[in-house]
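Have a look at protein.pdb below; it lists PDB, C-alpha atoms, pLDDT in the B column.
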```pdb
ATOM      1  CA  MET A 103      -5.900  19.241   6.913  1.00 61.00           C
ATOM      2  CA  ALA A 104      -4.902  17.081   9.884  1.00 91.00           C
ATOM      3  CA  ILE A 105      -1.230  18.127   9.946  1.00 96.00           C
ATOM      4  CA  HIS A 106      -0.207  21.491  11.409  1.00 96.00           C
ATOM      5  CA  THR A 107       3.306  22.953  11.724  1.00 97.00           C
ATOM      6  CA  GLU A 108       4.713  25.942  13.569  1.00 97.00           C
ATOM      7  CA  THR A 109       8.274  26.996  14.391  1.00 97.00           C
ATOM      8  CA  ASP A 110       9.250  29.144  17.390  1.00 97.00           C
ATOM      9  CA  GLU A 111      12.096  31.610  17.882  1.00 96.00           C
ATOM     10  CA  GLN A 112      14.399  28.842  19.167  1.00 97.00           C
ATOM     11  CA  GLY A 113      14.119  26.981  15.888  1.00 98.00           C
ATOM     12  CA  ILE A 114      11.904  24.247  17.362  1.00 98.00           C
ATOM     13  CA  ALA A 115       9.290  23.095  14.859  1.00 98.00           C
ATOM     14  CA  VAL A 116       6.178  21.427  16.253  1.00 98.00           C
ATOM     15  CA  VAL A 117       4.357  19.085  13.872  1.00 98.00           C
ATOM     16  CA  THR A 118       0.900  18.289  15.217  1.00 98.00           C
ATOM     17  CA  MET A 119      -1.483  15.542  14.133  1.00 97.00           C
ATOM     18  CA  ASP A 120      -5.078  16.659  14.620  1.00 96.00           C
ATOM     19  CA  ASN A 121      -7.665  14.253  13.231  1.00 94.00           C
ATOM     20  CA  PRO A 122     -10.456  13.414  15.688  1.00 94.00           C
ATOM     21  CA  PRO A 123     -11.567  11.163  17.178  1.00 93.00           C
ATOM     22  CA  VAL A 124      -8.329   9.158  17.561  1.00 94.00           C
ATOM     23  CA  ASN A 125      -5.806  10.695  15.143  1.00 95.00           C
ATOM     24  CA  ALA A 126      -5.926   7.918  12.563  1.00 94.00           C
ATOM     25  CA  LEU A 127      -4.430   9.275   9.341  1.00 95.00           C
ATOM     26  CA  ASN A 128      -5.741   8.871   5.816  1.00 95.00           C
ATOM     27  CA  ILE A 129      -3.457   8.453   2.805  1.00 96.00           C
ATOM     28  CA  ALA A 130      -3.296  12.147   1.881  1.00 96.00           C
ATOM     29  CA  ASP A 131      -2.411  13.253   5.418  1.00 96.00           C
ATOM     30  CA  THR A 132       0.233  10.547   5.728  1.00 97.00           C
ATOM     31  CA  TYR A 133       1.849  11.789   2.512  1.00 97.00           C
ATOM     32  CA  ARG A 134       1.569  15.326   3.856  1.00 97.00           C
ATOM     33  CA  LEU A 135       3.461  14.271   6.975  1.00 98.00           C
ATOM     34  CA  ALA A 136       6.270  12.946   4.775  1.00 98.00           C
ATOM     35  CA  GLU A 137       6.340  16.187   2.803  1.00 98.00           C
ATOM     36  CA  VAL A 138       6.609  18.282   5.967  1.00 98.00           C
ATOM     37  CA  PHE A 139       9.517  16.288   7.375  1.00 98.00           C
ATOM     38  CA  ARG A 140      11.429  16.238   4.104  1.00 98.00           C
ATOM     39  CA  GLY A 141      10.999  20.013   3.891  1.00 97.00           C
ATOM     40  CA  PHE A 142      13.067  20.612   7.022  1.00 98.00           C
ATOM     41  CA  LYS A 143      16.236  19.769   5.083  1.00 97.00           C
ATOM     42  CA  SER A 144      16.074  23.077   3.254  1.00 97.00           C
ATOM     43  CA  ASP A 145      14.838  25.111   6.240  1.00 97.00           C
ATOM     44  CA  SER A 146      17.983  26.259   8.025  1.00 95.00           C
ATOM     45  CA  ASP A 147      15.936  27.956  10.759  1.00 96.00           C
ATOM     46  CA  VAL A 148      14.757  24.588  12.123  1.00 98.00           C
ATOM     47  CA  ARG A 149      17.064  23.055  14.732  1.00 98.00           C
ATOM     48  CA  ALA A 150      14.835  20.344  16.226  1.00 98.00           C
ATOM     49  CA  VAL A 151      11.348  18.953  15.616  1.00 98.00           C
ATOM     50  CA  ILE A 152       8.624  17.772  17.966  1.00 98.00           C
ATOM     51  CA  LEU A 153       6.052  15.339  16.552  1.00 98.00           C
ATOM     52  CA  THR A 154       2.906  15.348  18.660  1.00 98.00           C
ATOM     53  CA  ALA A 155      -0.888  15.230  18.506  1.00 97.00           C
ATOM     54  CA  VAL A 156      -3.888  16.913  20.063  1.00 96.00           C
ATOM     55  CA  GLY A 157      -7.029  15.301  21.343  1.00 93.00           C
ATOM     56  CA  ARG A 158      -7.345  11.605  22.060  1.00 93.00           C
ATOM     57  CA  GLY A 159      -4.271   9.519  21.307  1.00 95.00           C
ATOM     58  CA  PHE A 160      -0.960  10.134  19.586  1.00 97.00           C
ATOM     59  CA  ASN A 161      -2.018   8.022  16.623  1.00 96.00           C
ATOM     60  CA  ALA A 162      -4.475   5.152  16.203  1.00 94.00           C
ATOM     61  CA  GLY A 163      -3.051   3.911  12.907  1.00 93.00           C
ATOM     62  CA  VAL A 164      -4.265   4.172   9.337  1.00 92.00           C
ATOM     63  CA  ASP A 165      -7.778   5.088   8.231  1.00 88.00           C
ATOM     64  CA  ILE A 166      -9.332   1.647   7.692  1.00 86.00           C
ATOM     65  CA  LYS A 167     -12.663   3.101   6.587  1.00 87.00           C
ATOM     66  CA  GLU A 168     -10.910   4.970   3.776  1.00 90.00           C
ATOM     67  CA  MET A 169      -9.160   1.779   2.680  1.00 86.00           C
ATOM     68  CA  GLN A 170     -12.429  -0.120   2.540  1.00 85.00           C
ATOM     69  CA  ALA A 171     -14.096   2.604   0.485  1.00 88.00           C
ATOM     70  CA  MET A 172     -11.479   2.333  -2.280  1.00 90.00           C
ATOM     71  CA  GLU A 173     -11.619  -0.063  -5.225  1.00 89.00           C
ATOM     72  CA  GLY A 174      -9.570  -3.263  -5.347  1.00 88.00           C
ATOM     73  CA  PHE A 175      -6.153  -3.002  -3.746  1.00 90.00           C
ATOM     74  CA  GLU A 176      -5.930   0.759  -4.269  1.00 93.00           C
ATOM     75  CA  GLY A 177      -6.378   1.510  -0.567  1.00 91.00           C
ATOM     76  CA  VAL A 178      -3.889  -1.119   0.597  1.00 91.00           C
ATOM     77  CA  LEU A 179      -1.218  -0.039  -1.868  1.00 94.00           C
ATOM     78  CA  GLY A 180      -1.808   3.669  -1.271  1.00 95.00           C
ATOM     79  CA  THR A 181      -1.650   3.266   2.486  1.00 95.00           C
ATOM     80  CA  GLY A 182       1.475   1.120   2.276  1.00 95.00           C
ATOM     81  CA  ASP A 183       3.311   3.620   0.091  1.00 97.00           C
ATOM     82  CA  ALA A 184       2.238   6.586   2.228  1.00 97.00           C
ATOM     83  CA  CYS A 185       3.438   4.860   5.414  1.00 97.00           C
ATOM     84  CA  TYR A 186       6.748   3.974   3.783  1.00 97.00           C
ATOM     85  CA  GLU A 187       7.248   7.607   2.780  1.00 98.00           C
ATOM     86  CA  ALA A 188       6.235   9.030   6.170  1.00 98.00           C
ATOM     87  CA  PHE A 189       8.347   6.640   8.224  1.00 98.00           C
ATOM     88  CA  GLY A 190      11.344   7.250   5.996  1.00 98.00           C
ATOM     89  CA  ALA A 191      10.912  11.023   6.108  1.00 98.00           C
ATOM     90  CA  VAL A 192      10.857  11.061   9.915  1.00 98.00           C
ATOM     91  CA  TYR A 193      13.917   8.804  10.092  1.00 98.00           C
ATOM     92  CA  ASP A 194      15.811  10.845   7.475  1.00 98.00           C
ATOM     93  CA  CYS A 195      14.753  14.236   8.858  1.00 98.00           C
ATOM     94  CA  ALA A 196      17.739  16.582   8.719  1.00 98.00           C
ATOM     95  CA  VAL A 197      17.439  17.440  12.412  1.00 98.00           C
ATOM     96  CA  PRO A 198      16.596  15.358  15.501  1.00 98.00           C
ATOM     97  CA  VAL A 199      12.911  14.528  16.012  1.00 98.00           C
ATOM     98  CA  ILE A 200      11.280  14.092  19.424  1.00 98.00           C
ATOM     99  CA  ALA A 201       7.991  12.217  19.627  1.00 98.00           C
ATOM    100  CA  ALA A 202       5.655  13.483  22.378  1.00 98.00           C
ATOM    101  CA  VAL A 203       3.188  10.644  22.909  1.00 98.00           C
ATOM    102  CA  GLN A 204      -0.089  10.786  24.830  1.00 97.00           C
ATOM    103  CA  ASP A 205      -2.829   8.238  25.599  1.00 96.00           C
ATOM    104  CA  PHE A 206      -1.953   5.494  23.082  1.00 97.00           C
ATOM    105  CA  CYS A 207       0.264   4.784  20.113  1.00 97.00           C
ATOM    106  CA  LEU A 208      -0.859   2.127  17.624  1.00 96.00           C
ATOM    107  CA  GLY A 209       0.261   0.797  14.253  1.00 93.00           C
ATOM    108  CA  LEU A 210       1.220   3.774  12.115  1.00 95.00           C
ATOM    109  CA  GLY A 211       1.973   5.654  15.333  1.00 97.00           C
ATOM    110  CA  ILE A 212       4.548   3.007  16.282  1.00 97.00           C
ATOM    111  CA  GLY A 213       6.205   3.472  12.903  1.00 97.00           C
ATOM    112  CA  LEU A 214       6.400   7.219  13.469  1.00 98.00           C
ATOM    113  CA  ALA A 215       7.604   7.089  17.084  1.00 98.00           C
ATOM    114  CA  GLY A 216      10.051   4.293  16.342  1.00 98.00           C
ATOM    115  CA  ASN A 217      11.722   6.399  13.658  1.00 98.00           C
ATOM    116  CA  CYS A 218      12.055   9.469  15.882  1.00 98.00           C
ATOM    117  CA  ASP A 219      15.403  10.157  17.531  1.00 98.00           C
ATOM    118  CA  LEU A 220      13.877  10.476  20.989  1.00 98.00           C
ATOM    119  CA  VAL A 221      10.530   9.735  22.651  1.00 98.00           C
ATOM    120  CA  VAL A 222       8.889  11.337  25.657  1.00 98.00           C
ATOM    121  CA  ALA A 223       5.544  10.046  26.870  1.00 98.00           C
ATOM    122  CA  ALA A 224       2.714  10.858  29.228  1.00 98.00           C
ATOM    123  CA  GLU A 225       2.057   8.589  32.160  1.00 98.00           C
ATOM    124  CA  GLY A 226      -0.042   5.554  31.317  1.00 97.00           C
ATOM    125  CA  VAL A 227       0.573   5.638  27.551  1.00 98.00           C
ATOM    126  CA  LYS A 228       0.164   2.259  25.844  1.00 97.00           C
ATOM    127  CA  PHE A 229       2.142   1.234  22.775  1.00 98.00           C
ATOM    128  CA  SER A 230       0.728  -1.603  20.691  1.00 96.00           C
ATOM    129  CA  MET A 231       0.822  -3.275  17.291  1.00 94.00           C
ATOM    130  CA  PRO A 232      -2.635  -4.713  16.444  1.00 92.00           C
ATOM    131  CA  GLU A 233      -1.520  -5.691  12.921  1.00 91.00           C
ATOM    132  CA  VAL A 234      -2.083  -9.444  13.258  1.00 92.00           C
ATOM    133  CA  ASP A 235      -5.666  -8.846  14.388  1.00 90.00           C
ATOM    134  CA  ASN A 236      -6.060  -6.595  11.334  1.00 87.00           C
ATOM    135  CA  GLY A 237      -4.855  -9.222   8.881  1.00 88.00           C
ATOM    136  CA  ALA A 238      -1.658  -7.274   8.194  1.00 89.00           C
ATOM    137  CA  LEU A 239       2.015  -7.103   9.107  1.00 90.00           C
ATOM    138  CA  GLY A 240       4.563  -4.316   9.198  1.00 89.00           C
ATOM    139  CA  ALA A 241       6.425  -2.008  11.580  1.00 92.00           C
ATOM    140  CA  ALA A 242       8.135  -4.792  13.523  1.00 96.00           C
ATOM    141  CA  THR A 243      11.181  -2.895  12.237  1.00 96.00           C
ATOM    142  CA  HIS A 244      10.108   0.162  14.195  1.00 97.00           C
ATOM    143  CA  THR A 245       8.694  -1.668  17.215  1.00 97.00           C
ATOM    144  CA  ALA A 246      12.138  -3.242  17.646  1.00 97.00           C
ATOM    145  CA  ARG A 247      13.553   0.268  18.011  1.00 97.00           C
ATOM    146  CA  LEU A 248      11.306   0.775  21.056  1.00 98.00           C
ATOM    147  CA  VAL A 249      11.326  -2.552  22.904  1.00 98.00           C
ATOM    148  CA  PRO A 250      13.663  -5.545  23.371  1.00 97.00           C
ATOM    149  CA  GLU A 251      13.553  -8.111  20.581  1.00 97.00           C
ATOM    150  CA  LYS A 252      11.599 -10.793  22.471  1.00 98.00           C
ATOM    151  CA  VAL A 253       9.076  -8.214  23.649  1.00 98.00           C
ATOM    152  CA  MET A 254       8.688  -7.052  20.048  1.00 97.00           C
ATOM    153  CA  ARG A 255       7.856 -10.619  19.023  1.00 97.00           C
ATOM    154  CA  TRP A 256       5.285 -10.893  21.804  1.00 97.00           C
ATOM    155  CA  MET A 257       3.699  -7.568  20.842  1.00 97.00           C
ATOM    156  CA  MET A 258       3.419  -8.687  17.223  1.00 95.00           C
ATOM    157  CA  TYR A 259       2.065 -12.163  17.949  1.00 96.00           C
ATOM    158  CA  SER A 260      -0.297 -11.200  20.783  1.00 96.00           C
ATOM    159  CA  CYS A 261      -1.270  -7.611  19.826  1.00 95.00           C
ATOM    160  CA  GLU A 262      -1.049  -6.800  23.541  1.00 96.00           C
ATOM    161  CA  PRO A 263       0.136  -3.325  24.602  1.00 97.00           C
ATOM    162  CA  VAL A 264       3.247  -2.319  26.506  1.00 98.00           C
ATOM    163  CA  ALA A 265       3.308   0.644  28.893  1.00 98.00           C
ATOM    164  CA  ALA A 266       5.445   3.742  28.450  1.00 98.00           C
ATOM    165  CA  GLU A 267       6.847   3.134  31.930  1.00 98.00           C
ATOM    166  CA  ASP A 268       8.317  -0.166  30.675  1.00 98.00           C
ATOM    167  CA  LEU A 269       9.859   1.552  27.645  1.00 98.00           C
ATOM    168  CA  HIS A 270      11.393   4.122  29.975  1.00 98.00           C
ATOM    169  CA  ARG A 271      12.890   1.315  32.038  1.00 98.00           C
ATOM    170  CA  TRP A 272      14.335  -0.207  28.849  1.00 97.00           C
ATOM    171  CA  GLY A 273      15.807   3.149  27.874  1.00 97.00           C
ATOM    172  CA  THR A 274      13.850   3.798  24.678  1.00 98.00           C
ATOM    173  CA  VAL A 275      11.534   6.423  26.158  1.00 98.00           C
ATOM    174  CA  LEU A 276      13.606   9.290  27.514  1.00 98.00           C
ATOM    175  CA  SER A 277      11.100  10.428  30.124  1.00 98.00           C
ATOM    176  CA  VAL A 278       7.561   9.780  31.360  1.00 98.00           C
ATOM    177  CA  VAL A 279       5.679  12.758  32.771  1.00 98.00           C
ATOM    178  CA  PRO A 280       2.119  13.709  33.747  1.00 98.00           C
ATOM    179  CA  GLY A 281      -0.004  14.393  30.669  1.00 97.00           C
ATOM    180  CA  ASP A 282      -0.283  18.118  31.318  1.00 97.00           C
ATOM    181  CA  GLN A 283       3.525  18.374  31.310  1.00 98.00           C
ATOM    182  CA  LEU A 284       4.141  16.418  28.102  1.00 98.00           C
ATOM    183  CA  ILE A 285       4.621  19.224  25.602  1.00 98.00           C
ATOM    184  CA  ASP A 286       6.717  21.204  28.091  1.00 98.00           C
ATOM    185  CA  GLU A 287       8.979  18.197  28.528  1.00 98.00           C
ATOM    186  CA  ALA A 288       9.268  17.764  24.755  1.00 98.00           C
ATOM    187  CA  ARG A 289      10.166  21.449  24.414  1.00 98.00           C
ATOM    188  CA  ARG A 290      12.750  21.116  27.167  1.00 98.00           C
ATOM    189  CA  VAL A 291      14.429  18.227  25.350  1.00 98.00           C
ATOM    190  CA  ALA A 292      14.204  19.987  21.977  1.00 98.00           C
ATOM    191  CA  GLY A 293      15.597  23.148  23.554  1.00 98.00           C
ATOM    192  CA  VAL A 294      18.765  21.378  24.664  1.00 98.00           C
ATOM    193  CA  ILE A 295      19.342  20.234  21.080  1.00 98.00           C
ATOM    194  CA  ALA A 296      18.358  23.582  19.555  1.00 98.00           C
ATOM    195  CA  ALA A 297      20.979  25.339  21.687  1.00 98.00           C
ATOM    196  CA  LYS A 298      23.804  23.359  20.067  1.00 98.00           C
ATOM    197  CA  PRO A 299      25.585  24.459  16.857  1.00 98.00           C
ATOM    198  CA  PRO A 300      22.991  23.662  14.164  1.00 97.00           C
ATOM    199  CA  GLY A 301      25.460  22.569  11.515  1.00 97.00           C
ATOM    200  CA  VAL A 302      27.082  20.125  13.925  1.00 98.00           C
ATOM    201  CA  ILE A 303      23.724  18.697  14.987  1.00 98.00           C
ATOM    202  CA  ARG A 304      22.678  18.089  11.380  1.00 98.00           C
ATOM    203  CA  LYS A 305      25.918  16.237  10.697  1.00 98.00           C
ATOM    204  CA  ALA A 306      25.512  14.300  13.949  1.00 98.00           C
ATOM    205  CA  LYS A 307      22.044  13.149  12.871  1.00 98.00           C
ATOM    206  CA  TRP A 308      23.394  12.015   9.505  1.00 97.00           C
ATOM    207  CA  SER A 309      26.335  10.206  11.076  1.00 98.00           C
ATOM    208  CA  ILE A 310      24.210   8.375  13.658  1.00 98.00           C
ATOM    209  CA  ASN A 311      21.789   7.165  10.988  1.00 98.00           C
ATOM    210  CA  GLY A 312      24.789   5.996   8.975  1.00 97.00           C
ATOM    211  CA  ILE A 313      25.907   3.563  11.686  1.00 98.00           C
ATOM    212  CA  ASP A 314      22.432   2.146  12.387  1.00 97.00           C
ATOM    213  CA  PRO A 315      22.701  -1.668  12.419  1.00 95.00           C
ATOM    214  CA  VAL A 316      19.351  -2.053  10.621  1.00 95.00           C
ATOM    215  CA  ASP A 317      18.443  -0.399   7.318  1.00 97.00           C
ATOM    216  CA  VAL A 318      14.953   0.694   8.320  1.00 96.00           C
ATOM    217  CA  HIS A 319      13.889   1.437   4.738  1.00 97.00           C
ATOM    218  CA  ARG A 320      14.752  -1.993   3.402  1.00 97.00           C
ATOM    219  CA  SER A 321      13.584  -3.831   6.533  1.00 97.00           C
ATOM    220  CA  TYR A 322      10.145  -2.208   6.525  1.00 97.00           C
ATOM    221  CA  ARG A 323       9.757  -2.754   2.784  1.00 96.00           C
ATOM    222  CA  PHE A 324      10.436  -6.457   3.336  1.00 96.00           C
ATOM    223  CA  GLU A 325       7.668  -6.580   5.945  1.00 95.00           C
ATOM    224  CA  GLN A 326       5.259  -4.812   3.624  1.00 95.00           C
ATOM    225  CA  GLY A 327       5.572  -7.636   1.120  1.00 95.00           C
ATOM    226  CA  PHE A 328       3.876  -9.985   3.574  1.00 94.00           C
ATOM    227  CA  THR A 329       1.048  -7.524   4.152  1.00 92.00           C
ATOM    228  CA  TYR A 330       0.422  -7.536   0.404  1.00 93.00           C
ATOM    229  CA  GLU A 331       0.487 -11.355   0.394  1.00 93.00           C
ATOM    230  CA  LEU A 332      -2.097 -11.431   3.183  1.00 91.00           C
ATOM    231  CA  ASN A 333      -4.326  -9.155   1.130  1.00 89.00           C
ATOM    232  CA  LEU A 334      -4.050 -11.445  -1.873  1.00 91.00           C
ATOM    233  CA  MET A 335      -5.052 -14.297   0.448  1.00 92.00           C
ATOM    234  CA  GLY A 336      -8.091 -12.302   1.594  1.00 90.00           C
ATOM    235  CA  GLU A 337      -7.018 -12.013   5.233  1.00 88.00           C
ATOM    236  CA  GLY A 338      -6.677  -8.235   5.170  1.00 82.00           C
ATOM    237  CA  GLU A 339     -10.078  -7.731   3.562  1.00 84.00           C
ATOM    238  CA  LYS A 340     -11.783  -9.923   6.154  1.00 87.00           C
ATOM    239  CA  ALA A 341     -10.208  -8.074   9.052  1.00 83.00           C
ATOM    240  CA  ARG A 342     -10.966  -4.613   7.667  1.00 81.00           C
ATOM    241  CA  GLU A 343     -14.558  -5.486   6.884  1.00 84.00           C
ATOM    242  CA  ALA A 344     -14.994  -6.846  10.417  1.00 83.00           C
ATOM    243  CA  PHE A 345     -13.633  -3.550  11.769  1.00 75.00           C
ATOM    244  CA  VAL A 346     -16.020  -1.459   9.674  1.00 76.00           C
ATOM    245  CA  ARG A 347     -18.970  -3.749  10.447  1.00 78.00           C
ATOM    246  CA  GLY A 348     -18.209  -3.553  14.162  1.00 73.00           C
ATOM    247  CA  GLU A 349     -18.150   0.240  13.985  1.00 57.00           C
ATOM    248  CA  ARG A 350     -21.470   0.284  12.149  1.00 45.00           C
ATOM    249  CA  GLU A 351     -23.021  -1.959  14.803  1.00 49.00           C
ATOM    250  CA  SER A 352     -21.563   0.213  17.565  1.00 45.00           C
ATOM    251  CA  ASN A 353     -23.002   3.360  15.995  1.00 40.00           C
ATOM    252  CA  LYS A 354     -26.388   1.694  15.524  1.00 39.00           C
ATOM    253  CA  ALA A 355     -26.473   0.606  19.170  1.00 35.00           C
ATOM    254  CA  ALA A 356     -25.552   4.140  20.292  1.00 31.00           C
ATOM    255  CA  GLN A 357     -28.371   5.637  18.179  1.00 32.00           C
ATOM    256  CA  GLN A 358     -30.912   3.169  19.537  1.00 39.00           C
ATOM    257  CA  SER A 359     -29.887   3.974  23.090  1.00 39.00           C
ATOM    258  CA  GLY A 360     -29.992   7.706  22.429  1.00 41.00           C
ATOM    259  CA  GLY A 361     -26.198   8.022  22.749  1.00 39.00           C
TER
END
```
Here is the file; what I need is its structure written in the form of structure tokens.
Amino acid sequence: MAIHTETDEQGIAVVTMDNPPVNALNIADTYRLAEVFRGFKSDSDVRAVILTAVGRGFNAGVDIKEMQAMEGFEGVLGTGDACYEAFGAVYDCAVPVIAAVQDFCLGLGIGLAGNCDLVVAAEGVKFSMPEVDNGALGAATHTARLVPEKVMRWMMYSCEPVAAEDLHRWGTVLSVVPGDQLIDEARRVAGVIAAKPPGVIRKAKWSINGIDPVDVHRSYRFEQGFTYELNLMGEGEKAREAFVRGERESNKAAQQSGG
């Protein structure tokens, strides 16, 4: 299982993604993430949540190899539904969620971080949405929660990354710290929240979501419709097959060179 959870004596729950080599999540683990976050509603001991990862990268997106191994549109539909559930569960989490982001944050990772209440990042982290290059769309809804609207458009059209330092300057990343201080910084932020009256904080989270100008559930579902159209057109299949083929060729070259 690639999702681990532990709660300390302060009531800070740490949800950790752990799926080497780059923390891409398959369908089952994405559903599991949703289940974990929805479960905090009935756990009165939890006062704040940190979403983080170990190893290389916060999250590299969905498991494209799994999608390609499934029949027909089963992988596309399963992945889409799992992402919808996970993003919604993070957004609707009963208590504030802090994303602690290291190395890079792509695709599915953007959807997760964008739905968190707060984001802290390690120095040099890159946020990007490679969806267009993958023959897909989606998570512009969540990217727009992290960057200004025109930057979001550029990220979607170009697939080029934006640095955490820029997000900090725009006010959507709370702090940028050296990598070895990331989890301590996330715990510091979570500790401030955990020290407040828990019932008040839960109501505050609910009230803030209630005045959000964008309905993230409906907005993301609208985007997903275009991803499904692209798959019917064959664009998604072409991009995923190119990804898998490129990985096969990379592995073959490494074996031939003794790597």
With only C-alpha atoms counted, which protein, DNA or RNA residues have an atom no more than 9 Å from (-9.1, -0.5, 5.0) in the file frame? Please answer as a PDB file with C-alpha atoms, in the coordinates of the input.
```
ATOM      1  CA  VAL A 164      -4.265   4.172   9.337  1.00 92.00           C
ATOM      2  CA  ASP A 165      -7.778   5.088   8.231  1.00 88.00           C
ATOM      3  CA  ILE A 166      -9.332   1.647   7.692  1.00 86.00           C
ATOM      4  CA  LYS A 167     -12.663   3.101   6.587  1.00 87.00           C
ATOM      5  CA  GLU A 168     -10.910   4.970   3.776  1.00 90.00           C
ATOM      6  CA  MET A 169      -9.160   1.779   2.680  1.00 86.00           C
ATOM      7  CA  GLN A 170     -12.429  -0.120   2.540  1.00 85.00           C
ATOM      8  CA  ALA A 171     -14.096   2.604   0.485  1.00 88.00           C
ATOM      9  CA  MET A 172     -11.479   2.333  -2.280  1.00 90.00           C
ATOM     10  CA  GLY A 177      -6.378   1.510  -0.567  1.00 91.00           C
ATOM     11  CA  VAL A 178      -3.889  -1.119   0.597  1.00 91.00           C
ATOM     12  CA  THR A 181      -1.650   3.266   2.486  1.00 95.00           C
ATOM     13  CA  GLY A 338      -6.677  -8.235   5.170  1.00 82.00           C
ATOM     14  CA  GLU A 339     -10.078  -7.731   3.562  1.00 84.00           C
ATOM     15  CA  ALA A 341     -10.208  -8.074   9.052  1.00 83.00           C
ATOM     16  CA  ARG A 342     -10.966  -4.613   7.667  1.00 81.00           C
ATOM     17  CA  GLU A 343     -14.558  -5.486   6.884  1.00 84.00           C
ATOM     18  CA  PHE A 345     -13.633  -3.550  11.769  1.00 75.00           C
ATOM     19  CA  VAL A 346     -16.020  -1.459   9.674  1.00 76.00           C
TER      20      VAL A 346
END
```
Close residues, Arg140 of chain A itself excluded, 9 Å, only C-alpha atoms, min 2 positions apart in chain, as a list in words: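 Close residues of Arg140 of chain A: Leu135, Ala136, Glu137, Val138, Phe142, Lys143, Ser144, Ala191, Val192, Asp194, Cys195 and Ala196 of chain A.
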d(atom CA of Lys305 of chain A, atom CA of Asp145 of chain A) in Å: 14.9 Å
Pairwise distance for atom CA of His244 of chain A and atom CA of Gly216 of chain A, rounded to one decimal in Å: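 Between atom CA of His244 of chain A and atom CA of Gly216 of chain A the gap is 4.7 Å.
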Contact residues around segment 260-274 of chain A with only C-alpha atoms at 6 Å, ignoring same-chain residues under 3 positions, as number ranges by chain: A: 227-232, 248, 256-257
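If you look at atom CA of Phe139 of chain A and atom CA of Glu225 of chain A, they are 27.0 Å away from each other.
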Neighbour residues at most 10 Å from (-4.4, 6.0, 11.8) (only C-alpha atoms) as a compact mmCIF listing (two decimals) with C-alpha atoms, in the frame of the given file:
```
# COMPACT_ATOMS: atom_id res chain seq x y z
CA ASN A 121 -7.66 14.25 13.23
CA VAL A 124 -8.33 9.16 17.56
CA ASN A 125 -5.81 10.70 15.14
CA ALA A 126 -5.93 7.92 12.56
CA LEU A 127 -4.43 9.28 9.34
CA ASN A 128 -5.74 8.87 5.82
CA ILE A 129 -3.46 8.45 2.80
CA ASP A 131 -2.41 13.25 5.42
CA THR A 132 0.23 10.55 5.73
CA PHE A 160 -0.96 10.13 19.59
CA ASN A 161 -2.02 8.02 16.62
CA ALA A 162 -4.47 5.15 16.20
CA GLY A 163 -3.05 3.91 12.91
CA VAL A 164 -4.26 4.17 9.34
CA ASP A 165 -7.78 5.09 8.23
CA ILE A 166 -9.33 1.65 7.69
CA CYS A 207 0.26 4.78 20.11
CA LEU A 208 -0.86 2.13 17.62
CA GLY A 209 0.26 0.80 14.25
CA LEU A 210 1.22 3.77 12.12
CA GLY A 211 1.97 5.65 15.33
```
For Asp219 of chain A, the nearest of the candidates A:Val156, A:Thr118, A:Ala292, A:Gly281, counting all atoms listed in the file: A:Ala292
